[in-house]
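What follows is the content of my_file.cif (mmCIF, C-alpha atoms).
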data_coords
loop_
_atom_site.label_atom_id
_atom_site.label_comp_id
_atom_site.auth_asym_id
_atom_site.auth_seq_id
_atom_site.Cartn_x
_atom_site.Cartn_y
_atom_site.Cartn_z
CA MET A 1025 23.21 34.36 10.90
CA ALA A 1026 24.82 30.98 10.36
CA GLY A 1027 21.58 29.27 11.40
CA GLN A 1028 19.58 31.31 8.90
CA ASN A 1029 22.12 30.48 6.21
CA CYS A 1030 21.43 26.77 6.64
CA LEU A 1031 17.81 27.45 5.66
CA VAL A 1032 18.90 29.48 2.66
CA ALA A 1033 21.44 26.84 1.67
CA ASN A 1034 18.79 24.12 2.17
CA ASP A 1035 21.05 21.98 4.35
CA TRP A 1036 19.94 18.58 5.58
CA ILE A 1037 20.78 19.43 9.19
CA CYS A 1038 19.58 22.87 10.24
CA GLY A 1039 19.18 24.08 13.81
CA GLU A 1040 17.24 27.14 12.70
CA TYR A 1041 14.55 24.91 11.22
CA LEU A 1042 14.12 23.13 14.56
CA ARG A 1043 13.96 26.46 16.39
CA THR A 1044 11.43 28.13 14.09
CA ARG A 1045 9.22 25.11 13.36
CA GLY A 1046 9.07 23.59 16.84
CA GLN A 1047 5.29 23.95 17.22
CA GLU A 1048 4.65 22.53 13.77
CA LEU A 1049 6.81 19.49 14.56
CA THR A 1050 5.07 19.02 17.91
CA ASP A 1051 1.58 19.16 16.38
CA ALA A 1052 2.53 16.67 13.66
CA THR A 1053 4.09 14.30 16.20
CA VAL A 1054 1.05 14.45 18.48
CA GLN A 1055 -1.26 13.70 15.56
CA HIS A 1056 0.99 10.80 14.50
CA VAL A 1057 0.97 9.30 18.00
CA TRP A 1058 -2.80 9.76 18.37
CA ILE A 1059 -3.63 8.07 15.06
CA THR A 1060 -1.24 5.20 15.79
CA ALA A 1061 -2.52 4.61 19.35
CA VAL A 1062 -6.19 4.69 18.34
CA SER A 1063 -5.62 2.41 15.35
CA VAL A 1064 -3.72 -0.23 17.34
CA ALA A 1065 -6.22 -0.12 20.22
CA ILE A 1066 -9.20 -0.60 17.90
CA GLY A 1067 -7.29 -3.23 15.93
CA LEU A 1068 -6.63 -5.19 19.12
CA ALA A 1069 -10.29 -4.93 20.14
CA VAL A 1070 -11.37 -6.31 16.75
CA ALA A 1071 -8.60 -8.91 16.44
CA PHE A 1072 -9.24 -10.60 19.79
CA PRO A 1073 -12.77 -11.88 19.06
CA LEU A 1074 -11.68 -12.82 15.53
CA ALA A 1075 -8.84 -14.92 16.96
CA LEU A 1076 -11.25 -16.61 19.37
CA LEU A 1077 -13.59 -17.33 16.47
CA ALA A 1078 -10.75 -18.77 14.41
CA ARG A 1079 -9.64 -20.97 17.32
CA ARG A 1080 -13.13 -22.27 17.94
CA SER A 1081 -13.45 -24.09 14.62
CA ARG A 1082 -11.42 -24.83 11.50
CA ARG A 1083 -14.49 -23.77 9.55
CA PHE A 1084 -13.96 -20.21 10.78
CA ALA A 1085 -10.15 -20.24 10.88
CA GLY A 1086 -9.69 -20.35 7.11
CA PRO A 1087 -11.97 -17.41 6.26
CA VAL A 1088 -10.74 -15.25 9.16
CA LEU A 1089 -7.04 -15.75 8.44
CA GLY A 1090 -7.61 -15.55 4.69
CA LEU A 1091 -9.57 -12.29 4.89
CA THR A 1092 -7.07 -10.55 7.17
CA THR A 1093 -4.22 -11.65 4.90
CA VAL A 1094 -5.98 -10.34 1.79
CA LEU A 1095 -6.63 -7.00 3.48
CA TYR A 1096 -2.93 -6.64 4.26
CA THR A 1097 -2.02 -7.13 0.59
CA VAL A 1098 -4.22 -4.23 -0.59
CA PRO A 1099 -2.01 -1.21 -1.42
CA SER A 1100 -2.55 1.69 0.95
CA LEU A 1101 -3.67 4.13 -1.75
CA ALA A 1102 -6.25 1.62 -3.00
CA MET A 1103 -7.42 0.92 0.57
CA PHE A 1104 -7.96 4.60 1.32
CA SER A 1105 -9.72 5.09 -2.01
CA LEU A 1106 -12.13 2.24 -1.23
CA LEU A 1107 -12.88 3.71 2.19
CA LEU A 1108 -13.20 7.29 0.94
CA PRO A 1109 -16.96 7.10 0.09
CA LEU A 1110 -17.68 5.91 3.63
CA PHE A 1111 -15.53 8.27 5.69
CA GLY A 1112 -14.61 11.18 3.43
CA LEU A 1113 -11.37 13.09 3.97
CA SER A 1114 -11.25 12.50 7.71
CA ALA A 1115 -9.05 10.95 10.36
CA ALA A 1116 -11.57 8.08 10.54
CA LEU A 1117 -10.55 7.14 6.99
CA VAL A 1118 -6.90 6.73 7.98
CA VAL A 1119 -7.67 5.01 11.29
CA THR A 1120 -9.98 2.48 9.63
CA GLY A 1121 -7.40 1.64 7.00
CA LEU A 1122 -4.70 1.18 9.62
CA VAL A 1123 -6.99 -1.01 11.75
CA LEU A 1124 -7.59 -3.30 8.78
CA TYR A 1125 -3.85 -3.55 8.12
CA SER A 1126 -3.11 -4.41 11.75
CA LEU A 1127 -5.53 -7.33 11.86
CA THR A 1128 -3.36 -9.82 10.01
CA VAL A 1129 -0.52 -9.50 12.56
CA LEU A 1130 -2.70 -9.24 15.65
CA VAL A 1131 -5.07 -12.09 14.83
CA ARG A 1132 -2.25 -14.50 13.98
CA ASN A 1133 -0.21 -13.66 17.09
CA ILE A 1134 -3.18 -13.90 19.45
CA LEU A 1135 -4.16 -17.21 17.89
CA ALA A 1136 -0.60 -18.53 18.07
CA GLY A 1137 -0.30 -17.50 21.72
CA LEU A 1138 -3.57 -19.18 22.72
CA GLU A 1139 -2.73 -22.37 20.85
CA ALA A 1140 0.69 -22.51 22.54
CA VAL A 1141 -0.81 -22.73 26.03
CA PRO A 1142 0.17 -26.16 27.45
CA GLN A 1143 -2.70 -28.63 27.47
CA GLU A 1144 -1.77 -29.77 30.98
CA ALA A 1145 -2.29 -26.20 32.26
CA LYS A 1146 -5.77 -26.12 30.77
CA ASP A 1147 -6.62 -29.59 32.08
CA ALA A 1148 -5.46 -28.61 35.58
CA ALA A 1149 -7.62 -25.47 35.51
CA ARG A 1150 -10.67 -27.45 34.37
CA GLY A 1151 -10.01 -29.94 37.16
CA MET A 1152 -10.17 -27.03 39.61
CA GLY A 1153 -13.60 -26.08 38.31
CA TYR A 1154 -12.65 -23.30 35.88
CA GLY A 1155 -15.32 -22.58 33.28
CA PRO A 1156 -14.51 -21.49 29.67
CA GLY A 1157 -14.55 -17.78 30.48
CA ARG A 1158 -12.45 -18.00 33.60
CA LEU A 1159 -10.07 -20.42 31.88
CA LEU A 1160 -9.55 -17.93 29.05
CA TRP A 1161 -8.99 -14.82 31.18
CA GLU A 1162 -7.09 -16.30 34.12
CA VAL A 1163 -5.05 -19.07 32.48
CA GLU A 1164 -4.87 -18.95 28.68
CA LEU A 1165 -4.60 -15.21 28.13
CA PRO A 1166 -1.82 -14.62 30.70
CA LEU A 1167 0.21 -17.50 29.23
CA ALA A 1168 -0.41 -16.16 25.72
CA LEU A 1169 0.76 -12.64 26.64
CA PRO A 1170 4.31 -12.94 25.20
CA ALA A 1171 2.99 -13.83 21.74
CA LEU A 1172 0.18 -11.29 22.02
CA MET A 1173 2.55 -8.49 23.02
CA ALA A 1174 4.92 -9.44 20.20
CA GLY A 1175 2.02 -8.94 17.80
CA VAL A 1176 1.13 -5.59 19.37
CA ARG A 1177 4.74 -4.44 19.04
CA ILE A 1178 4.93 -5.42 15.37
CA ALA A 1179 1.53 -3.88 14.64
CA THR A 1180 2.48 -0.64 16.41
CA VAL A 1181 5.77 -0.21 14.57
CA SER A 1182 4.18 -0.96 11.19
CA THR A 1183 1.28 1.39 11.96
CA ILE A 1184 3.70 4.21 12.78
CA ALA A 1185 5.22 3.72 9.33
CA LEU A 1186 1.88 3.42 7.53
CA THR A 1187 0.42 6.49 9.24
CA THR A 1188 2.61 8.66 7.03
CA VAL A 1189 0.55 7.52 4.03
CA GLY A 1190 -2.42 9.32 5.57
CA SER A 1191 -0.81 12.52 4.33
CA ILE A 1192 -2.73 12.03 1.07
CA VAL A 1193 -5.83 13.18 2.97
CA GLY A 1194 -4.00 15.55 5.30
CA ARG A 1195 -4.11 13.13 8.27
CA GLY A 1196 -0.63 11.66 8.17
CA GLY A 1197 1.05 13.24 11.18
CA LEU A 1198 4.73 13.56 10.34
CA GLY A 1199 3.92 12.30 6.86
CA ASN A 1200 2.21 15.64 6.20
CA LEU A 1201 5.52 17.42 6.73
CA ILE A 1202 7.34 15.02 4.42
CA GLU A 1203 4.76 15.41 1.67
CA ASP A 1204 4.75 19.22 2.01
CA ALA A 1205 8.54 19.34 1.79
CA LEU A 1206 9.00 17.06 -1.23
CA PRO A 1207 7.84 19.45 -4.01
CA SER A 1208 10.47 22.03 -3.00
CA PHE A 1209 12.83 19.34 -1.66
CA PHE A 1210 13.09 21.07 1.72
CA LYS A 1211 15.86 18.86 3.07
CA ALA A 1212 15.75 19.82 6.75
CA GLN A 1213 12.01 19.16 6.96
CA VAL A 1214 12.22 15.82 5.14
CA LEU A 1215 15.08 14.60 7.32
CA THR A 1216 13.63 15.84 10.61
CA ALA A 1217 10.19 14.32 10.00
CA SER A 1218 11.74 11.03 8.87
CA VAL A 1219 14.03 10.81 11.90
CA LEU A 1220 11.11 11.55 14.22
CA CYS A 1221 9.15 8.68 12.64
CA VAL A 1222 12.03 6.31 13.30
CA LEU A 1223 12.39 7.58 16.88
CA LEU A 1224 8.66 7.11 17.49
CA ALA A 1225 8.90 3.51 16.32
CA VAL A 1226 11.91 2.79 18.53
CA VAL A 1227 10.40 4.45 21.61
CA ALA A 1228 7.04 2.72 21.11
CA ASP A 1229 8.71 -0.67 20.76
CA LEU A 1230 10.79 -0.14 23.90
CA LEU A 1231 7.76 1.03 25.90
CA LEU A 1232 5.72 -2.00 24.84
CA LEU A 1233 8.65 -4.26 25.65
CA GLY A 1234 8.69 -2.73 29.12
CA VAL A 1235 4.95 -3.34 29.49
CA GLN A 1236 5.46 -6.96 28.45
CA TRP A 1237 8.25 -7.28 31.01
CA LEU A 1238 5.97 -5.99 33.76
CA LEU A 1239 3.01 -8.18 32.76
CA THR A 1240 4.97 -11.43 32.50
CA PRO A 1241 7.03 -11.76 35.71
CA TRP A 1242 7.15 -15.56 35.35
CA THR A 1243 9.30 -15.23 32.22
CA ARG A 1244 11.88 -13.27 34.22
CA ILE A 1245 11.94 -15.97 36.90
CA ARG A 1246 12.42 -18.64 34.24
CA THR A 1247 15.23 -16.68 32.63
CA VAL A 1248 16.99 -16.27 35.99
CA ARG A 1249 16.69 -19.98 36.68
CA GLU A 1250 18.01 -20.90 33.23
CA THR A 1251 20.93 -18.51 33.65
CA ALA A 1252 21.72 -19.88 37.10
CA GLY A 1253 21.58 -23.42 35.75
CA ALA A 1254 23.94 -22.56 32.91
CA VAL A 1255 26.38 -20.91 35.32
CA ALA A 1256 26.28 -23.96 37.60
CA GLU A 1257 27.02 -26.25 34.64
CA VAL A 1258 30.00 -24.10 33.62
CA LYS A 1259 31.39 -24.14 37.18
CA ALA A 1260 30.93 -27.90 37.36
CA VAL A 1261 32.98 -28.33 34.19
#

Render the structure in this file as structure tokens.
Amino acid sequence: MAGQNCLVANDWICGEYLRTRGQELTDATVQHVWITAVSVAIGLAVAFPLALLARRSRRFAGPVLGLTTVLYTVPSLAMFSLLLPLFGLSAALVVTGLVLYSLTVLVRNILAGLEAVPQEAKDAARGMGYGPGRLLWEVELPLALPALMAGVRIATVSTIALTTVGSIVGRGGLGNLIEDALPSFFKAQVLTASVLCVLLAVVADLLLLGVQWLLTPWTRIRTVRETAGAVAEVKAV
């Protein structure tokens, strides 16, 4: 009875809401995760060749970086409106908009990571007979992974937030619940959906950080060596 009263009283925290709307929350969360994952994956697939193009020549760098920056400044409602004639009221509309927003972060981080690769590492690889393709995939890309993964983490977290805007076409995951609850100011639904968005962002960031940790074992070795050196200096003092 007390749980039902929290619905009647429209409390912010209501266990009865969680119990009775569990499936609805699950469906919205799954949709949110799916849209985010697809958008970031496609964004990464598009950003990588763009970053390579920008690195190849200054003639291409300006237009590529300029275009991705301009796309990021377009308000989300305007972006979805511009894409509406092409995709209609579909998930493709939201995914395309989110892909375009992710490009500015992904392209810049991939480019920064590739440009930060030490020249001596590239010269050594060329001296060993590495061609451009092998040099990129076996030397440059692994060394650029920290910057690349940082871009993926930022893009993922921002995409989780922007996905909620897709509620204007009914493809916003947890944003749909927030939009549905606002006219009646259904507090429990607004708070629950908002907290789940935050939790998704935190969990996604931690998972990607773990992936980065697994893919870059040399950074762990360097950190251990630096820590050991600092400890040795302290003991010497």

Show me, as a Markdown table, the residues of segment 1140-1236 of chain A having an atom within 10 Å of segment 1046-1063 of chain A, each with the closest atom pair and its distance in Å, using all atoms listed in the file.
| residue | atom | partner | partner_atom | distance |
| --- | --- | --- | --- | --- |
| A:Ala1179 | CA | A:Ser1063 | CA | 9.5 |
| A:Thr1180 | CA | A:Thr1060 | CA | 7.0 |
| A:Val1181 | CA | A:Thr1060 | CA | 8.9 |
| A:Ser1182 | CA | A:Thr1060 | CA | 9.4 |
| A:Thr1183 | CA | A:Thr1060 | CA | 6.0 |
| A:Ile1184 | CA | A:Thr1060 | CA | 5.9 |
| A:Ala1185 | CA | A:Thr1060 | CA | 9.3 |
| A:Leu1186 | CA | A:Thr1060 | CA | 9.0 |
| A:Thr1187 | CA | A:His1056 | CA | 6.8 |
| A:Thr1188 | CA | A:His1056 | CA | 7.9 |
| A:Gly1190 | CA | A:Ile1059 | CA | 9.6 |
| A:Arg1195 | CA | A:Gln1055 | CA | 7.8 |
| A:Gly1196 | CA | A:His1056 | CA | 6.6 |
| A:Gly1197 | CA | A:His1056 | CA | 4.1 |
| A:Leu1198 | CA | A:Ala1052 | CA | 5.1 |
| A:Gly1199 | CA | A:Ala1052 | CA | 8.2 |
| A:Asn1200 | CA | A:Ala1052 | CA | 7.5 |
| A:Leu1201 | CA | A:Ala1052 | CA | 7.6 |
| A:Gln1213 | CA | A:Leu1049 | CA | 9.2 |
| A:Thr1216 | CA | A:Leu1049 | CA | 8.7 |
| A:Ala1217 | CA | A:Leu1049 | CA | 7.7 |
| A:Leu1220 | CA | A:Thr1053 | CA | 7.8 |
| A:Cys1221 | CA | A:Thr1053 | CA | 8.4 |
| A:Leu1224 | CA | A:Val1057 | CA | 8.0 |
| A:Ala1225 | CA | A:Val1057 | CA | 10.0 |
| A:Ala1228 | CA | A:Val1057 | CA | 9.5 |

| If we count all atoms listed in the file, what is near Asp1035 of chain A at a cut-off of 10 Å, once residues fewer than 5 positions away on the same chain are taken out, given as a list in words? |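 Using all atoms listed in the file, the neighbours found are Asn1029, Cys1030, Tyr1041, Phe1210, Lys1211, Ala1212, Gln1213 and Leu1215 of chain A.
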
| Which residue of A:Leu1127, A:Leu1232, A:Leu1238, A:Ala1149 approaches Val1064 of chain A most closely, using only C-alpha atoms |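 Looking at the shortest contact to Val1064 of chain A, the residue is A:Leu1127.
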
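Distance check against Phe1104 of chain A using all atoms listed in the file: of A:Val1222, A:Leu1091, A:Leu1230, A:Val1189, the minimum falls on A:Val1189.
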
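Using all atoms listed in the file, the nearest neighbour of Phe1111 of chain A within the list A:Ala1075, A:Leu1239, A:Val1193, A:Val1227 is A:Val1193.
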
Output segment 1167-1178 of chain A as a tab-separated table (two decimals), in the frame of the given file, making sure all heavy atoms are there.
chain	number	residue	atom	x	y	z
A	1167	LEU	N	-0.86	-16.70	29.82
A	1167	LEU	CA	0.21	-17.50	29.23
A	1167	LEU	C	0.45	-17.14	27.77
A	1167	LEU	O	1.54	-17.37	27.24
A	1167	LEU	CB	-0.12	-18.99	29.36
A	1167	LEU	CG	-0.13	-19.56	30.78
A	1167	LEU	CD1	-0.55	-21.02	30.78
A	1167	LEU	CD2	1.24	-19.41	31.43
A	1168	ALA	N	-0.56	-16.56	27.12
A	1168	ALA	CA	-0.41	-16.16	25.72
A	1168	ALA	C	0.13	-14.74	25.56
A	1168	ALA	O	0.38	-14.29	24.44
A	1168	ALA	CB	-1.77	-16.26	25.01
A	1169	LEU	N	0.34	-14.05	26.70
A	1169	LEU	CA	0.76	-12.64	26.64
A	1169	LEU	C	2.05	-12.39	25.85
A	1169	LEU	O	2.13	-11.41	25.10
A	1169	LEU	CB	0.91	-12.07	28.06
A	1169	LEU	CG	-0.32	-11.38	28.64
A	1169	LEU	CD1	-0.04	-10.91	30.06
A	1169	LEU	CD2	-0.74	-10.21	27.76
A	1170	PRO	N	3.09	-13.21	25.98
A	1170	PRO	CA	4.31	-12.94	25.20
A	1170	PRO	C	4.06	-12.88	23.70
A	1170	PRO	O	4.54	-11.96	23.02
A	1170	PRO	CB	5.23	-14.12	25.58
A	1170	PRO	CG	4.79	-14.50	26.96
A	1170	PRO	CD	3.31	-14.32	26.95
A	1171	ALA	N	3.30	-13.84	23.17
A	1171	ALA	CA	2.99	-13.83	21.74
A	1171	ALA	C	2.07	-12.67	21.39
A	1171	ALA	O	2.23	-12.02	20.35
A	1171	ALA	CB	2.35	-15.15	21.33
A	1172	LEU	N	1.10	-12.39	22.27
A	1172	LEU	CA	0.18	-11.29	22.02
A	1172	LEU	C	0.93	-9.96	21.99
A	1172	LEU	O	0.71	-9.13	21.09
A	1172	LEU	CB	-0.90	-11.27	23.11
A	1172	LEU	CG	-2.08	-10.32	22.92
A	1172	LEU	CD1	-3.29	-10.86	23.67
A	1172	LEU	CD2	-1.77	-8.92	23.44
A	1173	MET	N	1.80	-9.74	22.96
A	1173	MET	CA	2.55	-8.49	23.02
A	1173	MET	C	3.52	-8.37	21.84
A	1173	MET	O	3.77	-7.26	21.35
A	1173	MET	CB	3.32	-8.39	24.34
A	1173	MET	CG	2.44	-8.15	25.55
A	1173	MET	SD	1.44	-6.64	25.43
A	1173	MET	CE	2.72	-5.39	25.29
A	1174	ALA	N	4.06	-9.48	21.39
A	1174	ALA	CA	4.92	-9.44	20.20
A	1174	ALA	C	4.12	-8.95	19.00
A	1174	ALA	O	4.61	-8.14	18.20
A	1174	ALA	CB	5.50	-10.82	19.93
A	1175	GLY	N	2.88	-9.41	18.89
A	1175	GLY	CA	2.02	-8.94	17.80
A	1175	GLY	C	1.69	-7.47	17.93
A	1175	GLY	O	1.68	-6.74	16.92
A	1176	VAL	N	1.42	-7.02	19.16
A	1176	VAL	CA	1.13	-5.59	19.37
A	1176	VAL	C	2.34	-4.73	19.01
A	1176	VAL	O	2.20	-3.66	18.40
A	1176	VAL	CB	0.71	-5.35	20.83
A	1176	VAL	CG1	0.58	-3.85	21.11
A	1176	VAL	CG2	-0.61	-6.05	21.13
A	1177	ARG	N	3.52	-5.20	19.36
A	1177	ARG	CA	4.74	-4.44	19.04
A	1177	ARG	C	4.94	-4.33	17.53
A	1177	ARG	O	5.23	-3.25	17.00
A	1177	ARG	CB	5.95	-5.11	19.68
A	1177	ARG	CG	6.03	-4.96	21.20
A	1177	ARG	CD	7.08	-5.86	21.79
A	1177	ARG	NE	8.41	-5.56	21.24
A	1177	ARG	CZ	9.45	-6.37	21.36
A	1177	ARG	NH1	9.32	-7.54	21.98
A	1177	ARG	NH2	10.62	-6.02	20.86
A	1178	ILE	N	4.78	-5.45	16.82
A	1178	ILE	CA	4.93	-5.42	15.37
A	1178	ILE	C	3.87	-4.53	14.73
A	1178	ILE	O	4.17	-3.72	13.85
A	1178	ILE	CB	4.84	-6.85	14.80
A	1178	ILE	CG1	6.00	-7.70	15.29
A	1178	ILE	CG2	4.84	-6.83	13.26
A	1178	ILE	CD1	5.88	-9.17	14.96
